[in-house]
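> Below are the structure tokens for one structure; questions will follow.
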4 protein chains.
Amino acid sequence: MGGNTFGQVFRVTTWGESHGPAVGAIIDGCPPRLSLSPEDLERELARRRPGQQSHATTRQEPDTVEIFSGVFGGFTTGAPISLVIYNRDARSRDYEELREVFRPGHGDFTYQAKYGIRDHRGGGRASARETAARVAAGAVAQKVLDAGGVKVVGYTVELGGVRVNRVEEGTIWDNPFACPDPEVAPAMAARVEEVQRAGDSLGGVVEIVARGCPAGLGEPVFDKLDAVLAGALMSVGAVKGVEIGAGFQAARMLGSQHNDPILPGGFASNHAGGILAGISNGADLVLRAAVKPIPSIAREQDTIDLRGQPRTLRVGGRHDVSAIPRIVPVLVAMVRLTLADFLLRQKAIA
Amino acid sequence: MGGNTFGQVFRVTTWGESHGPAVGAIIDGCPPRLSLSPEDLERELARRRPGQQSHATTRQEPDTVEIFSGVFGGFTTGAPISLVIYNRDARSRDYEELREVFRPGHGDFTYQAKYGIRDHRGGGRASARETAARVAAGAVAQKVLDAGGVKVVGYTVELGGVRVNRVEEGTIWDNPFACPDPEVAPAMAARVEEVQRAGDSLGGVVEIVARGCPAGLGEPVFDKLDAVLAGALMSVGAVKGVEIGAGFQAARMLGSQHNDPILPGGFASNHAGGILAGISNGADLVLRAAVKPIPSIAREQDTIDLRGQPRTLRVGGRHDVSAIPRIVPVLVAMVRLTLADFLLRQKAIA
Amino acid sequence: MGGNTFGQVFRVTTWGESHGPAVGAIIDGCPPRLSLSPEDLERELARRRPGQQSHATTRQEPDTVEIFSGVFGGFTTGAPISLVIYNRDARSRDYEELREVFRPGHGDFTYQAKYGIRDHRGGGRASARETAARVAAGAVAQKVLDAGGVKVVGYTVELGGVRVNRVEEGTIWDNPFACPDPEVAPAMAARVEEVQRAGDSLGGVVEIVARGCPAGLGEPVFDKLDAVLAGALMSVGAVKGVEIGAGFQAARMLGSQHNDPILPGGFASNHAGGILAGISNGADLVLRAAVKPIPSIAREQDTIDLRGQPRTLRVGGRHDVSAIPRIVPVLVAMVRLTLADFLLRQKAIA
Amino acid sequence: MGGNTFGQVFRVTTWGESHGPAVGAIIDGCPPRLSLSPEDLERELARRRPGQQSHATTRQEPDTVEIFSGVFGGFTTGAPISLVIYNRDARSRDYEELREVFRPGHGDFTYQAKYGIRDHRGGGRASARETAARVAAGAVAQKVLDAGGVKVVGYTVELGGVRVNRVEEGTIWDNPFACPDPEVAPAMAARVEEVQRAGDSLGGVVEIVARGCPAGLGEPVFDKLDAVLAGALMSVGAVKGVEIGAGFQAARMLGSQHNDPILPGGFASNHAGGILAGISNGADLVLRAAVKPIPSIAREQDTIDLRGQPRTLRVGGRHDVSAIPRIVPVLVAMVRLTLADFLLRQKAIA
């Protein structure tokens with residue numbers, strides 16, 4: 001039973017493999033009469049393009065989006081919106097050696113175990129390429145959020161152990177790491193270069209903030225806003241941890257420290273990260289995702305092949321040193337998809 | 001649009017408020033011919049009973065379960081299983097003063113914002129009482145897992161800043177904190193007593209391990225096993241962060257450190273926490289949840305009332321100092337529900 | 001994978017067997033702040049009580065409803081509503097002989113084939129008793145419809161071959177057949193008596209009309225209003241056919257006859273039955289369901305037992321001669337549940 | 001909230017408008033390792049091509065299918081399968097006059113009422129063109145059914161009032177009406193020609209039979225096999241009634257006539273149409289759908305425009321005289337999709 005659909009009212013189904021002809025998404029449940037053009041989507045896709053940053057893969061994908069349905073005269077019609085993003089520069093031959101061997105840290109072993117068959121080219125469905133469809137769909141979700149005045153922003157708060165000290169949102173895309181602290185960006189650059197030279201890879205932590213989210217979103221007890229957001233972020237490859245507000249730090253606080261006092265003008269602090277009992281409280285939503293180092297490294301690793309025999313493997317090909325910053329717009333997209341869905345869910349009963 | 005159902009094949013819907021006549025769950029999609037008795041469920045419920053531990057609320061709930069449907073002659077029939085757990089000792093009068101005031105850190109404010117109406121007695125639907133239904137349903141899920149040889153265990157790895165150094169599973173329930181390290185349990189006791197005397201509360205970190213889980217569970221790309229597990233744990237009140245395997249620590253590791261080498265006999269390490277690309281790899285599943293301090297504290301806090309006027313509040317009544325250890329069987333239950341569902345989902349396509 | 005949930009936004013899950021302690025329903029997704037009392041539900045349940053009509057079973061069920069959750073101070077809270085209807089007069093001994101033999105026309109054979117286990121007492125989950133939960137839930141759905149001014153009425157248009165000539169809604173419950181034509185009711189009575197004396201049973205056709213339904217309900221292409229209504233009616237035991245508007249008669253009409261001209265004041269006719277392209281058009285919704293004769297008859301029938309051996313069977317016990325009229329409020333309930341769900345679905349995107 | 005997804009385990013989402021660039025479907029939950037090629041799908045699509053029959057539209061669509069994902073090396077991988085069928089010969093200019101006027105019997109009025117916007121070209125999403133995606137997806141479903149030995153066949157049993165007397169399945173596609181009675185086919189031809197000359201249209205009744213379906217499929221109480229089949233067939237445009245087995249005739253039978261005696265070798269008759277209590281009983285599934293006359297006729301009709309002003313309309317363009325026989329493979333596809341889904345649902349709990 002497949003798991004390629006996200007959302008209850010604003011429902012997105014993605015499809016496509018890294019080295020097939022295209023990846024794409026269907027959005028069912030998008031409200032009618034929203035203006036929508038391919039350019040709206042391509043702007044977001046540009047952010048996750050490889051080759052934008054010095055340390056990122058040199059594979060070039062123009063990532064134009066075709067809208068095959070659901071839009072008429074520049075506006076959504078309420079019919080399902082079919083988005084197609086063609087794969088242009090997919091060199092399958094690079095992956096031929098992977099047909100019979102499982103890359104450590106990748107889904108090769110588990111896809112084989114699950115399905116008994118595997119598209120080994122570039123990770124197939126497990127490739128980061130799949131996330132292009134999420135970003136495009138997230139841009140449609142943002143159209144729903146625009147009507148509600150909700151804005152979502154993401155940035156790196158830690159990369160290879162280098163942490164930011166402050167967040168200047170205007171500077172996020174001034175550097176190749178989505179680093180919001182201009183003073184720390186050079187240290188990140190140095191760390192990335194060092195690891196890259198060693199043929200290794202590194203991870204980090206991304207923070208996502210949603211502003212303007214009204215109080216009342218989230219559907220206890222299982223579809224609490226934080227529960228669905230946590231699942232949404234964790235569904236992105238490379239994410240190994242998610243926290244909200246004070247997050248893991250909350251485990252070390254006293255109740256008197258952690259509780260956010262409520263004042264007539266709003267909450268006096270935001271340890272809750274904008275969510276109480278699974279429902280948004282009107283404060284900023286603040287989330288963080290732990291991103292593991294990219295498993296494709298140029299160093300020799302122990303593994304096995306399809307017959308269970310030991311092998312060693314050094315992964316060649318074009319690979320990023322880190323999923324950061326390309327993962328940032330993907331995480332932003334997942335938050336957008338989640339919030340758009342909950343906005344519409346709330347409308348149904350309000 | 002309600003969010004009180006969990007699972008796709010093994011579907012659980014819970015209902016009930018803290019101070020209504022009962023809480024309960026319906027399980028639809030449970031395989032037939034599994035042996036099931038109320039005692040199977042009551043055994044698990046005993047673990048989350050208040051009054052078991054010195055620092056826990058003194059409210060006494062016998063927590064007997066009635067099975068109203070779906071079981072005939074001691075076996076499940078394939079029909080929906082209706083579980084009812086009566087509320088016996090619910091003193092509504094304790095909560096009368098909360099009718100018009102929002103407790104900081106609780107869902108009072110957000111439930112009012114969302115629904116425009118609120119059952120203020122003991123948190124209503126947002127009460128931890130709701131989790132009794134999850135634990136009962138989780139015990140049914142364990143029956144599905146028993147057939148597959150899967151075992152789930154949970155314990156405290158950190159409480160009020162006191163961390164365990166090792167895990168001896170046999171000792172978990174020898175102390176009132178689900179602490180698996182007998183040498184550290186006394187330090188936890190001291191910390192809890194100190195905080196309790198100060199009228200404050202504290203949080204911690206719980207680790208859940210699932211053993212015997214076959215490779216192949218999880219449904220990429222949105223219903224990845226880790227994504228659904230993260231959402232499942234985060235859906236439990238008080239959880240503010242979730243991590244899998246190396247978790248947030250993965251963000252500080254190099255690829256060469258984090259990748260688990262694959263040997264003919266299995267994985268050489270388990271930084272992945274048993275999940276690769278959203279699918280179980282046959283290793284132990286290892287998860288951790290950050291638990292915030294209980295918001296009900298005996299210290300004065302700033303808040304507002306229904307009309308938005310400032311108020312101060314000191315929460316009386318019977319309250320635990322920490323959601324730990326009562327939250328442990330709840331988190332275990334959520335992992336059981338998740339794994340049972342994915343086992344059945346995999347059967348559908350295997 | 002269970003199929004005991006109906007609806008997408010206003011979601012109803014029913015549970016319970018004929019001879020278990022109770023039957024019931026959970027409603028998740030009901031809007032908050034609707035007034036709701038047990039009496040609202042019991043009024044509807046009274047319509048499907050056996051023993052009301054001369055030809056119906058003499059089993060007496062008071063059918064009081066308990067609301068276990070989701071209502072506070074007489075109003076819905078947005079939390080799931082748990083309804084419980086106890087089974088009071090269930091004589092299991094009547095069914096002891098059915099433990100090993102399959103009644104023709106019943107689900108005995110198919111439940112055994114599907115689940116490999118079967119609650120043989122009174123049909124278990126397949127009993128008409130299950131529909132009490134639907135009727136109760138339908139009465140809650142009507143609360144949603146009340147806000148929108150939608151009314152649903154049902155009546156018999158054919159019983160044992162006797163057809164009505166006109167519909168006087170005020171007279172429906174003046175006779176024991178839900179017959180809206182006072183002049184035809186005596187002929188129905190005569191037909192019923194004749195069949196009853198012969199130890200046989202009979203079927204008929206029920207018409208359901210929904211008035212005040214706004215244009216715009218229904219979600220093409222699979223959740224068209226007529227598609228979901230057809231499934232909803234067919235999900236009621238004994239229904240073997242469903243038609244909308246002109247229905248099967250439409251197959252014999254010309255396009256020029258069947259098309260409903262559109263005038264500034266509305267549609268000039270209603271062959272469409274209020275639905276065009278799967279979306280309500282503002283005219284009355286008109287549906288008909290074909291109801292098969294009750295399979296429990298006092299005449300000897302050929303069948304087999306659990307071991308596949310031939311047997312003959314004469315079904316004793318208390319049985320109705322026809323599912324009509326007790327099925328009428330059940331069909332009405334299914335239409336209410338469907339329309340309430342679509343009203344809320346439309347709100348989400350409107 | 002959109003309704004463009006069908007199925008629970010084998011889930012199909014369709015998209016596309018009549019005059020957009022393409023229509024298509026995503027199938028999520030298809031088991032891996034099934035052989036699948038575009039030719040498998042095109043064979044089925046050929047059956048619903050217009051221009052095949054003398055009385056059908058002359059619009060020519062080659063209907064080649066592209067498989068964009070989910071198939072690798074000729075076999076399904078378990079990943080979502082994306083099917084695209086390009087629209088080649090869509091003359092939008094034919095529809096320009098319909099921008100502001102509602103065609104009687106079509107969805108023009110209701111789409112406008114629901115969404116407040118409408119793709120008027122050829123019916124947009126409400127066009128029969130959408131069903132090409134269903135047929136393609138149904139051919140994939142048949143691959144699942146092939147493994148279980150299930151075959152589905154459809155044919156016309158009544159057209160414009162002309163009924164067949166017998167069914168010779170081998171002759172169905174020997175005539176342009178899917179008529180299985182060679183002796184009656186000429187009478188159908190005469191009736192069609194007569195109506196066509198009059199600028200009118202006609203309807204009929206289609207029968208669908210599924211053979212080899214194992215006992216045990218269907219998920220009471222709401223997802224009964226007959227309930228889902230009824231909804232599936234009614235979701236096809238032009239269908240106004242659905243019946244199973246004896247159908248509406250059952251309403252006129254006695255219980256002793258309608259009950260199918262059970263013999264050691266199987267059922268002695270099949271008034272049930274292969275379904276008892278919502279679960280397949282191993283006999284043939286027999287369904288009939290009433291098909292209304294096509295609403296696009298060359299005769300003048302009364303209607304209104306977007307501003308509610310009266311208009312008269314004579315629909316030009318290329319139109320069939322009847323939805324039969326092109327609807328036959330669509331109905332077959334819906335039965336295939338339903339049965340494939342229930343086969344997999346049953347696997348999950350068996």
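By convention in this document, the chains of the structure tokens carry letters A, B, ... by their order, each chain's residues are numbered from 1, and ligands are numbered from 1 in the order they are shown.
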When you look at Ala178 (chain B) with a cut-off of 9 Å (counting only C-alpha atoms), what residues show up, excluding the ones that are within fewer than 4 positions of it in the same chain? I need them as a PyMOL selection string.
chain B and resi 154-157+171-174+185+324-326+328
> Next, dump the selected residues to file, keeping only all heavy atoms, as an mmCIF file, in the first residue's frame.

data_model
loop_
_atom_site.group_PDB
_atom_site.id
_atom_site.type_symbol
_atom_site.label_atom_id
_atom_site.label_comp_id
_atom_site.auth_asym_id
_atom_site.auth_seq_id
_atom_site.Cartn_x
_atom_site.Cartn_y
_atom_site.Cartn_z
ATOM 1 N N GLY B 154 10.529 0.470 26.106
ATOM 2 C CA GLY B 154 10.812 1.893 26.290
ATOM 3 C C GLY B 154 11.358 2.146 27.680
ATOM 4 O O GLY B 154 11.055 1.385 28.615
ATOM 5 N N TYR B 155 12.153 3.192 27.815
ATOM 6 C CA TYR B 155 12.724 3.532 29.119
ATOM 7 C C TYR B 155 13.225 4.968 29.074
ATOM 8 O O TYR B 155 13.356 5.574 28.008
ATOM 9 C CB TYR B 155 13.870 2.572 29.474
ATOM 10 C CG TYR B 155 14.790 2.288 28.318
ATOM 11 C CD1 TYR B 155 15.777 3.198 27.928
ATOM 12 C CD2 TYR B 155 14.639 1.116 27.570
ATOM 13 C CE1 TYR B 155 16.596 2.941 26.849
ATOM 14 C CE2 TYR B 155 15.463 0.850 26.487
ATOM 15 C CZ TYR B 155 16.432 1.761 26.127
ATOM 16 O OH TYR B 155 17.237 1.517 25.048
ATOM 17 N N THR B 156 13.507 5.464 30.253
ATOM 18 C CA THR B 156 13.974 6.839 30.397
ATOM 19 C C THR B 156 15.488 6.878 30.222
ATOM 20 O O THR B 156 16.200 6.092 30.843
ATOM 21 C CB THR B 156 13.614 7.341 31.811
ATOM 22 O OG1 THR B 156 12.207 7.178 31.984
ATOM 23 C CG2 THR B 156 13.997 8.791 31.993
ATOM 24 N N VAL B 157 15.968 7.789 29.385
ATOM 25 C CA VAL B 157 17.424 7.938 29.295
ATOM 26 C C VAL B 157 17.898 9.248 29.920
ATOM 27 O O VAL B 157 19.095 9.465 30.093
ATOM 28 C CB VAL B 157 17.938 7.837 27.838
ATOM 29 C CG1 VAL B 157 17.770 6.402 27.326
ATOM 30 C CG2 VAL B 157 17.239 8.819 26.921
ATOM 31 N N THR B 171 15.800 -3.984 34.567
ATOM 32 C CA THR B 171 15.636 -3.159 35.777
ATOM 33 C C THR B 171 14.688 -1.975 35.581
ATOM 34 O O THR B 171 14.471 -1.201 36.508
ATOM 35 C CB THR B 171 17.000 -2.596 36.228
ATOM 36 O OG1 THR B 171 17.414 -1.563 35.306
ATOM 37 C CG2 THR B 171 18.073 -3.684 36.247
ATOM 38 N N ILE B 172 14.151 -1.849 34.372
ATOM 39 C CA ILE B 172 13.377 -0.639 34.047
ATOM 40 C C ILE B 172 12.280 -0.345 35.062
ATOM 41 O O ILE B 172 12.105 0.778 35.511
ATOM 42 C CB ILE B 172 12.760 -0.765 32.632
ATOM 43 C CG1 ILE B 172 13.860 -0.781 31.585
ATOM 44 C CG2 ILE B 172 11.785 0.359 32.369
ATOM 45 C CD1 ILE B 172 13.374 -1.109 30.179
ATOM 46 N N TRP B 173 11.521 -1.374 35.396
ATOM 47 C CA TRP B 173 10.370 -1.119 36.265
ATOM 48 C C TRP B 173 10.658 -1.409 37.734
ATOM 49 O O TRP B 173 9.754 -1.500 38.550
ATOM 50 C CB TRP B 173 9.142 -1.880 35.752
ATOM 51 C CG TRP B 173 8.739 -1.370 34.391
ATOM 52 C CD1 TRP B 173 8.922 -1.972 33.189
ATOM 53 C CD2 TRP B 173 8.139 -0.100 34.095
ATOM 54 N NE1 TRP B 173 8.481 -1.182 32.157
ATOM 55 C CE2 TRP B 173 7.985 -0.021 32.677
ATOM 56 C CE3 TRP B 173 7.718 0.990 34.877
ATOM 57 C CZ2 TRP B 173 7.435 1.096 32.054
ATOM 58 C CZ3 TRP B 173 7.160 2.095 34.241
ATOM 59 C CH2 TRP B 173 7.028 2.142 32.847
ATOM 60 N N ASP B 174 11.951 -1.496 38.059
ATOM 61 C CA ASP B 174 12.338 -1.653 39.465
ATOM 62 C C ASP B 174 12.340 -0.319 40.209
ATOM 63 O O ASP B 174 12.529 -0.272 41.423
ATOM 64 C CB ASP B 174 13.762 -2.247 39.563
ATOM 65 C CG ASP B 174 13.809 -3.692 39.080
ATOM 66 O OD1 ASP B 174 12.725 -4.278 38.880
ATOM 67 O OD2 ASP B 174 14.926 -4.218 38.888
ATOM 68 N N ALA B 185 19.344 5.671 39.046
ATOM 69 C CA ALA B 185 17.984 5.870 39.552
ATOM 70 C C ALA B 185 17.946 6.707 40.835
ATOM 71 O O ALA B 185 17.096 7.610 40.957
ATOM 72 C CB ALA B 185 17.290 4.519 39.749
ATOM 73 N N ILE B 324 7.068 11.665 32.662
ATOM 74 C CA ILE B 324 7.823 10.419 32.822
ATOM 75 C C ILE B 324 7.585 9.887 34.222
ATOM 76 O O ILE B 324 7.644 10.673 35.174
ATOM 77 C CB ILE B 324 9.332 10.677 32.602
ATOM 78 C CG1 ILE B 324 9.571 11.063 31.137
ATOM 79 C CG2 ILE B 324 10.175 9.460 32.986
ATOM 80 C CD1 ILE B 324 10.998 11.483 30.821
ATOM 81 N N PRO B 325 7.291 8.612 34.423
ATOM 82 C CA PRO B 325 7.396 7.524 33.453
ATOM 83 C C PRO B 325 6.076 7.168 32.773
ATOM 84 O O PRO B 325 6.047 6.276 31.957
ATOM 85 C CB PRO B 325 7.826 6.357 34.329
ATOM 86 C CG PRO B 325 7.059 6.586 35.599
ATOM 87 C CD PRO B 325 7.021 8.092 35.774
ATOM 88 N N ARG B 326 4.966 7.877 33.158
ATOM 89 C CA ARG B 326 3.677 7.421 32.628
ATOM 90 C C ARG B 326 3.617 7.525 31.113
ATOM 91 O O ARG B 326 2.826 6.855 30.454
ATOM 92 C CB ARG B 326 2.539 8.206 33.272
ATOM 93 C CG ARG B 326 2.370 7.805 34.747
ATOM 94 C CD ARG B 326 1.300 8.611 35.417
ATOM 95 N NE ARG B 326 0.014 8.397 34.768
ATOM 96 C CZ ARG B 326 -1.041 9.173 34.962
ATOM 97 N NH1 ARG B 326 -0.962 10.198 35.788
ATOM 98 N NH2 ARG B 326 -2.169 8.916 34.345
ATOM 99 N N VAL B 328 5.923 6.624 29.120
ATOM 100 C CA VAL B 328 6.702 5.552 28.477
ATOM 101 C C VAL B 328 5.795 4.517 27.799
ATOM 102 O O VAL B 328 5.965 4.235 26.609
ATOM 103 C CB VAL B 328 7.685 4.899 29.484
ATOM 104 C CG1 VAL B 328 8.386 3.709 28.833
ATOM 105 C CG2 VAL B 328 8.709 5.923 29.974
#
> So that I can check the surroundings of Gly73 (chain C), please list as a VMD selection string every protein, DNA and RNA residue that reaches within 10 Å of it, counting only C-alpha atoms and ignoring chain neighbours fewer than 4 positions away.
(chain B and resid 117 to 119) or (chain C and resid 33 35 to 37 77)
> Give me, as a list of chain:residue names, the residues of chain A touching chain C, with the criterion being at most 7 Å (counting only C-alpha atoms).
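For chain A, the answer reads A:Pro31, A:Leu344, A:Arg345, A:Lys347, A:Ala348, A:Ile349, A:Ala350.
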> Quick one: write out the picked residues with N, CA, C and O atoms as an mmCIF file, in the first residue's frame?

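As a result, selection-v9.cif now contains:
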data_model
loop_
_atom_site.group_PDB
_atom_site.id
_atom_site.type_symbol
_atom_site.label_atom_id
_atom_site.label_comp_id
_atom_site.auth_asym_id
_atom_site.auth_seq_id
_atom_site.Cartn_x
_atom_site.Cartn_y
_atom_site.Cartn_z
ATOM 1 N N PRO A 31 -7.963 24.773 -3.727
ATOM 2 C CA PRO A 31 -9.119 25.645 -3.970
ATOM 3 C C PRO A 31 -9.059 26.274 -5.360
ATOM 4 O O PRO A 31 -7.975 26.483 -5.902
ATOM 5 N N LEU A 344 -7.150 24.503 5.300
ATOM 6 C CA LEU A 344 -8.379 24.061 4.640
ATOM 7 C C LEU A 344 -9.170 23.112 5.538
ATOM 8 O O LEU A 344 -10.403 23.138 5.545
ATOM 9 N N ARG A 345 -8.469 22.271 6.288
ATOM 10 C CA ARG A 345 -9.181 21.386 7.218
ATOM 11 C C ARG A 345 -9.960 22.209 8.251
ATOM 12 O O ARG A 345 -11.079 21.856 8.606
ATOM 13 N N LYS A 347 -11.116 25.196 7.832
ATOM 14 C CA LYS A 347 -12.260 25.843 7.175
ATOM 15 C C LYS A 347 -13.472 24.924 7.145
ATOM 16 O O LYS A 347 -14.616 25.374 7.213
ATOM 17 N N ALA A 348 -13.210 23.626 6.994
ATOM 18 C CA ALA A 348 -14.324 22.676 6.863
ATOM 19 C C ALA A 348 -15.217 22.657 8.094
ATOM 20 O O ALA A 348 -16.421 22.408 7.992
ATOM 21 N N ILE A 349 -14.633 22.888 9.276
ATOM 22 C CA ILE A 349 -15.459 22.783 10.485
ATOM 23 C C ILE A 349 -15.710 24.125 11.145
ATOM 24 O O ILE A 349 -16.497 24.216 12.095
ATOM 25 N N ALA A 350 -15.047 25.154 10.670
ATOM 26 C CA ALA A 350 -15.164 26.450 11.360
ATOM 27 C C ALA A 350 -16.531 27.092 11.113
ATOM 28 O O ALA A 350 -17.171 26.817 10.118
#
> My list of candidates is A:Val330, A:Val135, A:Ala210, A:Ala113. Which is closest to Gly237 (chain A) when distances are computed with only C-alpha atoms?
A:Val330
> Within region 6-152 of chain B, find each residue whose DSSP state, derived from the backbone, is strand (DSSP E), and express the selection as an MDAnalysis selection string.
chainID B and resid 6 11:16 22:28 65:69 71:72 75:76 81:86 151:152
> Could you tell me, as a PyMOL selection string, which residues of region 105-222 of chain D DSSP assigns to alpha helix (DSSP H) when given the backbone?
chain D and resi 108-115+131-148+185-197
> Can you tell me how far CA of Thr303 (chain B) sits from CA of Leu98 (chain B), in Å to one decimal?
11.6 Å
> What gap, in Å, lies between CA of Val335 (chain D) and CA of Asp146 (chain D)?
13.7 Å
> Choose the residue, out of B:Gly273, B:Gly212, B:Pro295, B:Pro261, that has the smallest atom-to-atom separation from Arg311 (chain A); count only C-alpha atoms.
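The shortest atom-to-atom distance to Arg311 (chain A) comes from B:Pro261.
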> Env of Asn281 (chain D): 8 Å cut, atoms = only C-alpha atoms, seq-sep filter 4 positions within chain, self excluded. Answer as a CSV table (one decimal) with N, CA, C and O atoms, in the first residue's frame.

chain,number,residue,atom,x,y,z
C,109,PHE,N,-22.0,-17.6,5.0
C,109,PHE,CA,-21.0,-18.3,4.2
C,109,PHE,C,-19.8,-17.4,3.9
C,109,PHE,O,-18.7,-17.7,4.0
C,110,THR,N,-20.2,-16.1,3.6
C,110,THR,CA,-19.1,-15.2,3.1
C,110,THR,C,-18.2,-14.7,4.3
C,110,THR,O,-17.0,-14.5,4.2
C,113,ALA,N,-15.9,-17.4,4.9
C,113,ALA,CA,-14.9,-17.5,3.8
C,113,ALA,C,-13.8,-16.4,4.0
C,113,ALA,O,-12.6,-16.5,3.7
D,214,PRO,N,-12.5,-14.7,-6.1
D,214,PRO,CA,-12.5,-15.6,-5.0
D,214,PRO,C,-13.6,-15.1,-3.9
D,214,PRO,O,-13.9,-13.9,-3.9
D,215,ALA,N,-14.1,-16.1,-3.2
D,215,ALA,CA,-14.9,-15.7,-2.0
D,215,ALA,C,-14.1,-14.9,-1.0
D,215,ALA,O,-12.9,-15.2,-0.8
D,216,GLY,N,-14.7,-14.0,-0.4
D,216,GLY,CA,-14.0,-13.3,0.7
D,216,GLY,C,-13.7,-11.8,0.5
D,216,GLY,O,-13.1,-11.2,1.4
D,274,GLY,N,-23.4,-12.7,-6.9
D,274,GLY,CA,-22.0,-13.1,-6.4
D,274,GLY,C,-21.6,-12.4,-5.1
D,274,GLY,O,-20.4,-12.5,-4.7
D,275,ILE,N,-22.5,-11.7,-4.5
D,275,ILE,CA,-22.2,-11.0,-3.3
D,275,ILE,C,-23.2,-11.2,-2.2
D,275,ILE,O,-24.4,-11.0,-2.4
D,276,LEU,N,-22.8,-11.6,-1.0
D,276,LEU,CA,-23.7,-11.8,0.1
D,276,LEU,C,-23.2,-11.0,1.3
D,276,LEU,O,-22.0,-11.2,1.7
> Contacts of Phe267 (chain A) at 10 Å or less, counting only C-alpha atoms, minus same-chain residues fewer than 4 places along, as number ranges by chain?
A: 259-263, 271-272, 274, 281-283; B: 104, 302-303
> Of the residues B:Val228, B:Ile26, B:Cys179, B:Leu254, which is the one nearest to Asn4 (chain B), using only C-alpha atoms?
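Of all the options, B:Ile26 lies closest to Asn4 (chain B).
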> Using only C-alpha atoms, find the one residue out of D:Asp284, D:Asp305, D:Glu17, D:Asp226 that sits nearest to Glu100 (chain D).
D:Asp305
> Near Gly20 (chain A), counting only C-alpha atoms, which residues have an atom at most 12 Å away, once you skip same-chain residues fewer than 5 positions from it, shown as a PyMOL selection string?
(chain A and resi 15+85-92+119-125+127+129-130) or (chain D and resi 66-73+79+81-82)
